[in-house]
Amino acid sequence: MSDLILNEQNYYSTEANQVYWSVSQYKDFMRCESMAMAKIRGEYEQPMTRAMLVGSFIDRYMEGALPQFIQEHPELFTLKRQLRAEFRHAYEIINKIESSPKFMNYMSGEKQKILTAEMFGVPWKIKMDSFLPGICITDLKVVARTERLPDWRYDLQGAVYQYVAEANGYGRLPFYLAVATKEKVPDLNIFQIPDSELDKAFLEIGENMPHFINVKTGIEEPKRCEKCAWCKMTRELKVRNYMELAEG
């Protein structure tokens, strides 16, 4: 394991991302290896969209860190210093969350608990939204609608969180998603991802990691997706066959 001790201040730092793997970094490699490496080198930072800001707004409120978040993001306000409509709606989502005892119960654990462990021969880091030792791990998700949840592969996140918590002596804990939607009338749900699905996701990660590790350590060249913002920014212009478009 690394000698770098993680905390709230350095968890998302370039140094930490160079040393540790995380679920978000693994997903970056799945999307585009070149983009993932650019992030690790500190050459590229993915822009935060308005939709991402809404989710972070609610995340920070639940952590008790909203005032600092508001200070760091003036784009939450109009030129007249009024909170933009989507963030006013975020307060409605928060009110809905706080009015549900069951939802709040799942979110009642230690907030943003950081753990590290070695997995597939390399160090990993996790940061849990709600950690209840001996009971469960819960991750808060604020989404447009629940139907698209499987598209985001939260089974990968659950598999890593479950493994790292168990490696730290907390046992094999169930993994839940506490989901709130951004709909005009917000909807709340609690989903448990079954252990059988987490086991499949864990095996999938294990199959991909040898190649990803080789890319991160410089043994293999990163592949480009030619679709993401990083690839568009750095692509060398060349003449292409028009029929590529028909082939998808």
# chains A, B, ... in the order shown; residues from 1 in each chain; ligands from 1
call {"tool": "residues_around", "arguments": {"residues": "A:Ile126", "least_positions_apart": "5", "cutoff": "7 Å", "atoms": "only C-alpha atoms", "output": "list in words"}}
result
Ser22, Ile114, Leu115, Thr116 and Tyr161 of chain A
call {"tool": "closest_atom_pairs", "arguments": {"of": "stretch 192-237 of chain A", "to": "stretch 151-155 of chain A", "cutoff": "12 Å", "atoms": "only C-alpha atoms", "output": "tab-separated table"}}
result
residue	atom	partner	partner_atom	distance
A:Gln192	CA	A:Asp155	CA	10.0
A:Ile193	CA	A:Asp155	CA	6.7
A:Pro194	CA	A:Asp155	CA	8.9
A:Asp195	CA	A:Asp155	CA	9.4
A:Ser196	CA	A:Asp155	CA	10.1
A:Glu197	CA	A:Asp155	CA	6.7
A:Leu198	CA	A:Asp155	CA	5.6
A:Asp199	CA	A:Asp155	CA	9.0
A:Lys200	CA	A:Asp155	CA	8.6
A:Ala201	CA	A:Asp155	CA	6.1
A:Phe202	CA	A:Asp155	CA	8.6
A:Leu203	CA	A:Asp155	CA	11.4
A:Glu204	CA	A:Asp155	CA	10.5
A:Ile205	CA	A:Asp155	CA	10.7
call {"tool": "write_last_selection", "arguments": {"atoms": "all heavy atoms", "output": "compact mmCIF listing (two decimals), in the first residue's frame"}}
result
# COMPACT_ATOMS: atom_id res chain seq x y z
N GLN A 192 -31.42 -2.05 -3.30
CA GLN A 192 -30.28 -2.87 -2.92
C GLN A 192 -29.78 -3.59 -4.16
O GLN A 192 -30.56 -4.19 -4.91
CB GLN A 192 -30.64 -3.91 -1.85
CG GLN A 192 -29.43 -4.76 -1.45
CD GLN A 192 -29.72 -5.81 -0.40
OE1 GLN A 192 -30.87 -5.98 0.01
NE2 GLN A 192 -28.70 -6.52 0.04
N ILE A 193 -28.48 -3.51 -4.41
CA ILE A 193 -27.88 -4.29 -5.50
C ILE A 193 -27.50 -5.64 -4.91
O ILE A 193 -26.67 -5.71 -3.99
CB ILE A 193 -26.66 -3.58 -6.09
CG1 ILE A 193 -27.06 -2.19 -6.61
CG2 ILE A 193 -26.06 -4.42 -7.22
CD1 ILE A 193 -25.93 -1.42 -7.28
N PRO A 194 -28.09 -6.73 -5.39
CA PRO A 194 -27.84 -8.05 -4.80
C PRO A 194 -26.37 -8.43 -4.83
O PRO A 194 -25.63 -8.06 -5.75
CB PRO A 194 -28.67 -9.00 -5.68
CG PRO A 194 -29.68 -8.13 -6.35
CD PRO A 194 -29.03 -6.79 -6.52
N ASP A 195 -25.94 -9.19 -3.83
CA ASP A 195 -24.55 -9.63 -3.77
C ASP A 195 -24.15 -10.41 -5.02
O ASP A 195 -23.00 -10.34 -5.46
CB ASP A 195 -24.32 -10.50 -2.53
CG ASP A 195 -24.19 -9.67 -1.26
OD1 ASP A 195 -24.15 -8.42 -1.36
OD2 ASP A 195 -24.14 -10.26 -0.17
N SER A 196 -25.10 -11.14 -5.60
CA SER A 196 -24.78 -11.91 -6.80
C SER A 196 -24.36 -10.99 -7.95
O SER A 196 -23.45 -11.32 -8.73
CB SER A 196 -25.99 -12.75 -7.23
OG SER A 196 -27.12 -11.93 -7.47
N GLU A 197 -25.00 -9.82 -8.05
CA GLU A 197 -24.64 -8.86 -9.09
C GLU A 197 -23.30 -8.18 -8.76
O GLU A 197 -22.51 -7.89 -9.66
CB GLU A 197 -25.74 -7.80 -9.25
CG GLU A 197 -27.04 -8.35 -9.80
CD GLU A 197 -26.84 -9.03 -11.14
OE1 GLU A 197 -26.23 -8.40 -12.04
OE2 GLU A 197 -27.29 -10.18 -11.31
N LEU A 198 -23.07 -7.92 -7.47
CA LEU A 198 -21.79 -7.33 -7.07
C LEU A 198 -20.64 -8.30 -7.36
O LEU A 198 -19.56 -7.88 -7.77
CB LEU A 198 -21.82 -6.96 -5.59
CG LEU A 198 -22.88 -5.94 -5.16
CD1 LEU A 198 -22.74 -5.63 -3.68
CD2 LEU A 198 -22.78 -4.66 -5.98
N ASP A 199 -20.89 -9.59 -7.15
CA ASP A 199 -19.86 -10.60 -7.43
C ASP A 199 -19.51 -10.62 -8.92
O ASP A 199 -18.34 -10.72 -9.30
CB ASP A 199 -20.34 -11.98 -6.99
CG ASP A 199 -20.42 -12.12 -5.47
OD1 ASP A 199 -19.79 -11.30 -4.78
OD2 ASP A 199 -21.12 -13.03 -5.00
N LYS A 200 -20.54 -10.52 -9.78
CA LYS A 200 -20.29 -10.49 -11.23
C LYS A 200 -19.48 -9.25 -11.61
O LYS A 200 -18.56 -9.32 -12.42
CB LYS A 200 -21.63 -10.47 -11.99
CG LYS A 200 -22.42 -11.77 -11.92
CD LYS A 200 -23.73 -11.59 -12.66
CE LYS A 200 -24.66 -12.78 -12.44
NZ LYS A 200 -25.99 -12.55 -13.08
N ALA A 201 -19.84 -8.11 -11.00
CA ALA A 201 -19.14 -6.87 -11.30
C ALA A 201 -17.69 -6.96 -10.85
O ALA A 201 -16.77 -6.48 -11.54
CB ALA A 201 -19.84 -5.70 -10.62
N PHE A 202 -17.45 -7.58 -9.70
CA PHE A 202 -16.09 -7.73 -9.17
C PHE A 202 -15.24 -8.57 -10.13
O PHE A 202 -14.08 -8.23 -10.42
CB PHE A 202 -16.14 -8.38 -7.79
CG PHE A 202 -14.81 -8.42 -7.09
CD1 PHE A 202 -14.34 -7.31 -6.42
CD2 PHE A 202 -14.04 -9.57 -7.11
CE1 PHE A 202 -13.11 -7.34 -5.78
CE2 PHE A 202 -12.81 -9.61 -6.47
CZ PHE A 202 -12.34 -8.49 -5.80
N LEU A 203 -15.81 -9.64 -10.65
CA LEU A 203 -15.09 -10.48 -11.60
C LEU A 203 -14.78 -9.72 -12.89
O LEU A 203 -13.70 -9.85 -13.47
CB LEU A 203 -15.91 -11.73 -11.91
CG LEU A 203 -16.03 -12.76 -10.79
CD1 LEU A 203 -17.01 -13.86 -11.19
CD2 LEU A 203 -14.67 -13.35 -10.44
N GLU A 204 -15.74 -8.90 -13.32
CA GLU A 204 -15.53 -8.09 -14.53
C GLU A 204 -14.37 -7.12 -14.34
O GLU A 204 -13.53 -6.96 -15.23
CB GLU A 204 -16.81 -7.32 -14.84
CG GLU A 204 -16.69 -6.41 -16.06
CD GLU A 204 -17.94 -5.56 -16.27
OE1 GLU A 204 -19.05 -6.01 -15.94
OE2 GLU A 204 -17.79 -4.43 -16.78
N ILE A 205 -14.32 -6.48 -13.18
CA ILE A 205 -13.22 -5.55 -12.90
C ILE A 205 -11.89 -6.31 -12.94
O ILE A 205 -10.90 -5.84 -13.52
CB ILE A 205 -13.42 -4.88 -11.52
CG1 ILE A 205 -14.67 -4.00 -11.53
CG2 ILE A 205 -12.19 -4.03 -11.16
CD1 ILE A 205 -15.08 -3.49 -10.16
call {"tool": "closest_residue", "arguments": {"among": "A:Leu6, A:Ile94, A:Ala144, A:Met233", "to": "A:Lys127", "atoms": "only C-alpha atoms"}}
result
A:Leu6
call {"tool": "atom_distance", "arguments": {"atom1": "atom CA of A:Glu8", "atom2": "atom CA of A:Ser34"}}
result
27.3 Å
call {"tool": "select_by_dssp", "arguments": {"residues": "stretch 189-221 of chain A", "states": "strand (DSSP E)", "output": "NGL selection string"}}
result
:A and (189-193)
call {"tool": "select_by_dssp", "arguments": {"residues": "stretch 99-135 of chain A", "states": "helix (DSSP H, G or I)", "output": "PyMOL selection string"}}
result
chain A and resi 101-106
call {"tool": "write_last_selection", "arguments": {"atoms": "N, CA, C and O atoms", "output": "PDB file, in the first residue's frame"}}
result
ATOM      1  N   PRO A 101     -38.467   9.358   6.800  1.00  0.00           N
ATOM      2  CA  PRO A 101     -37.655   8.736   7.853  1.00  0.00           C
ATOM      3  C   PRO A 101     -36.839   7.552   7.344  1.00  0.00           C
ATOM      4  O   PRO A 101     -35.685   7.371   7.751  1.00  0.00           O
ATOM      5  N   LYS A 102     -37.422   6.745   6.436  1.00  0.00           N
ATOM      6  CA  LYS A 102     -36.694   5.569   5.938  1.00  0.00           C
ATOM      7  C   LYS A 102     -35.486   5.995   5.114  1.00  0.00           C
ATOM      8  O   LYS A 102     -34.395   5.434   5.256  1.00  0.00           O
ATOM      9  N   PHE A 103     -35.666   6.971   4.235  1.00  0.00           N
ATOM     10  CA  PHE A 103     -34.554   7.455   3.415  1.00  0.00           C
ATOM     11  C   PHE A 103     -33.447   8.001   4.315  1.00  0.00           C
ATOM     12  O   PHE A 103     -32.268   7.688   4.140  1.00  0.00           O
ATOM     13  N   MET A 104     -33.842   8.808   5.284  1.00  0.00           N
ATOM     14  CA  MET A 104     -32.865   9.406   6.199  1.00  0.00           C
ATOM     15  C   MET A 104     -32.174   8.345   7.051  1.00  0.00           C
ATOM     16  O   MET A 104     -31.011   8.501   7.417  1.00  0.00           O
ATOM     17  N   ASN A 105     -32.872   7.263   7.341  1.00  0.00           N
ATOM     18  CA  ASN A 105     -32.271   6.185   8.116  1.00  0.00           C
ATOM     19  C   ASN A 105     -31.125   5.541   7.347  1.00  0.00           C
ATOM     20  O   ASN A 105     -30.051   5.264   7.906  1.00  0.00           O
ATOM     21  N   TYR A 106     -31.340   5.320   6.049  1.00  0.00           N
ATOM     22  CA  TYR A 106     -30.274   4.740   5.233  1.00  0.00           C
ATOM     23  C   TYR A 106     -29.108   5.708   5.063  1.00  0.00           C
ATOM     24  O   TYR A 106     -27.969   5.279   4.845  1.00  0.00           O
TER      25      TYR A 106
END
call {"tool": "residues_around", "arguments": {"residues": "A:Phe87", "least_positions_apart": "3", "cutoff": "12 Å", "atoms": "only C-alpha atoms", "output": "list in words"}}
result
Arg50, Ala51, Met52, Leu53, Val54, Gly55, Ser56, Phe57, Ile58, Tyr61, Leu66, Ile70, His73, Glu75, Leu76, Phe77, Thr78, Gln82, Leu83, Arg84, Ala90, Tyr91, Glu92, Ile93, Ile94 and Lys182 of chain A
call {"tool": "closest_atom_pairs", "arguments": {"of": "stretch 19-128 of chain A", "to": "stretch 210-231 of chain A", "cutoff": "9 Å", "atoms": "only C-alpha atoms", "output": "tab-separated table"}}
result
residue	atom	partner	partner_atom	distance
A:Tyr26	CA	A:Phe212	CA	8.1
A:Phe29	CA	A:Phe212	CA	6.9
A:Met30	CA	A:Phe212	CA	8.8
A:Arg31	CA	A:Cys225	CA	7.3
A:Cys32	CA	A:Cys225	CA	5.2
A:Glu33	CA	A:Pro222	CA	5.0
A:Ser34	CA	A:Pro222	CA	5.1
A:Met35	CA	A:Trp230	CA	5.7
A:Ala36	CA	A:Pro222	CA	8.6
A:Met37	CA	A:Lys216	CA	6.8
A:Ala38	CA	A:Trp230	CA	8.1
A:Ile40	CA	A:Lys216	CA	8.5
A:Tyr44	CA	A:Trp230	CA	7.3
A:Gln46	CA	A:Ala229	CA	8.4
A:Phe120	CA	A:Pro210	CA	8.2
A:Val122	CA	A:Ile213	CA	8.2
call {"tool": "residues_around", "arguments": {"residues": "A:Leu149", "least_positions_apart": "6", "cutoff": "10 Å", "atoms": "only C-alpha atoms", "output": "PDB file with N, CA and C atoms, in the first residue's frame"}}
result
ATOM      1  N   LYS A 141     -27.741   8.969  -4.721  1.00  0.00           N
ATOM      2  CA  LYS A 141     -27.746   9.290  -6.144  1.00  0.00           C
ATOM      3  C   LYS A 141     -28.902  10.239  -6.435  1.00  0.00           C
ATOM      4  N   VAL A 143     -30.722  11.715  -9.664  1.00  0.00           N
ATOM      5  CA  VAL A 143     -30.760  11.393 -11.090  1.00  0.00           C
ATOM      6  C   VAL A 143     -31.992  12.012 -11.743  1.00  0.00           C
ATOM      7  N   ASP A 155     -23.275  -1.106 -10.045  1.00  0.00           N
ATOM      8  CA  ASP A 155     -22.842  -2.409  -9.527  1.00  0.00           C
ATOM      9  C   ASP A 155     -21.325  -2.448  -9.384  1.00  0.00           C
ATOM     10  N   LEU A 177     -28.458   1.883  -2.853  1.00  0.00           N
ATOM     11  CA  LEU A 177     -28.527   3.192  -3.490  1.00  0.00           C
ATOM     12  C   LEU A 177     -29.742   3.921  -2.937  1.00  0.00           C
ATOM     13  N   VAL A 179     -31.906   6.848  -3.814  1.00  0.00           N
ATOM     14  CA  VAL A 179     -32.071   7.567  -5.075  1.00  0.00           C
ATOM     15  C   VAL A 179     -33.179   8.612  -4.967  1.00  0.00           C
TER      16      VAL A 179
END
call {"tool": "residues_around", "arguments": {"residues": "A:Asp3", "least_positions_apart": "3", "cutoff": "12 Å", "atoms": "only C-alpha atoms", "output": "list in words"}}
result
Leu6, Glu15, Ala16, Val19, Tyr20, Thr116 and Pro123 of chain A
call {"tool": "closest_residue", "arguments": {"among": "A:Asn208, A:Glu166, A:Thr138, A:Arg240", "to": "A:Ile190", "atoms": "only C-alpha atoms"}}
result
A:Thr138
call {"tool": "atom_distance", "arguments": {"atom1": "atom CA of A:Lys113", "atom2": "atom CA of A:Arg145"}}
result
26.9 Å
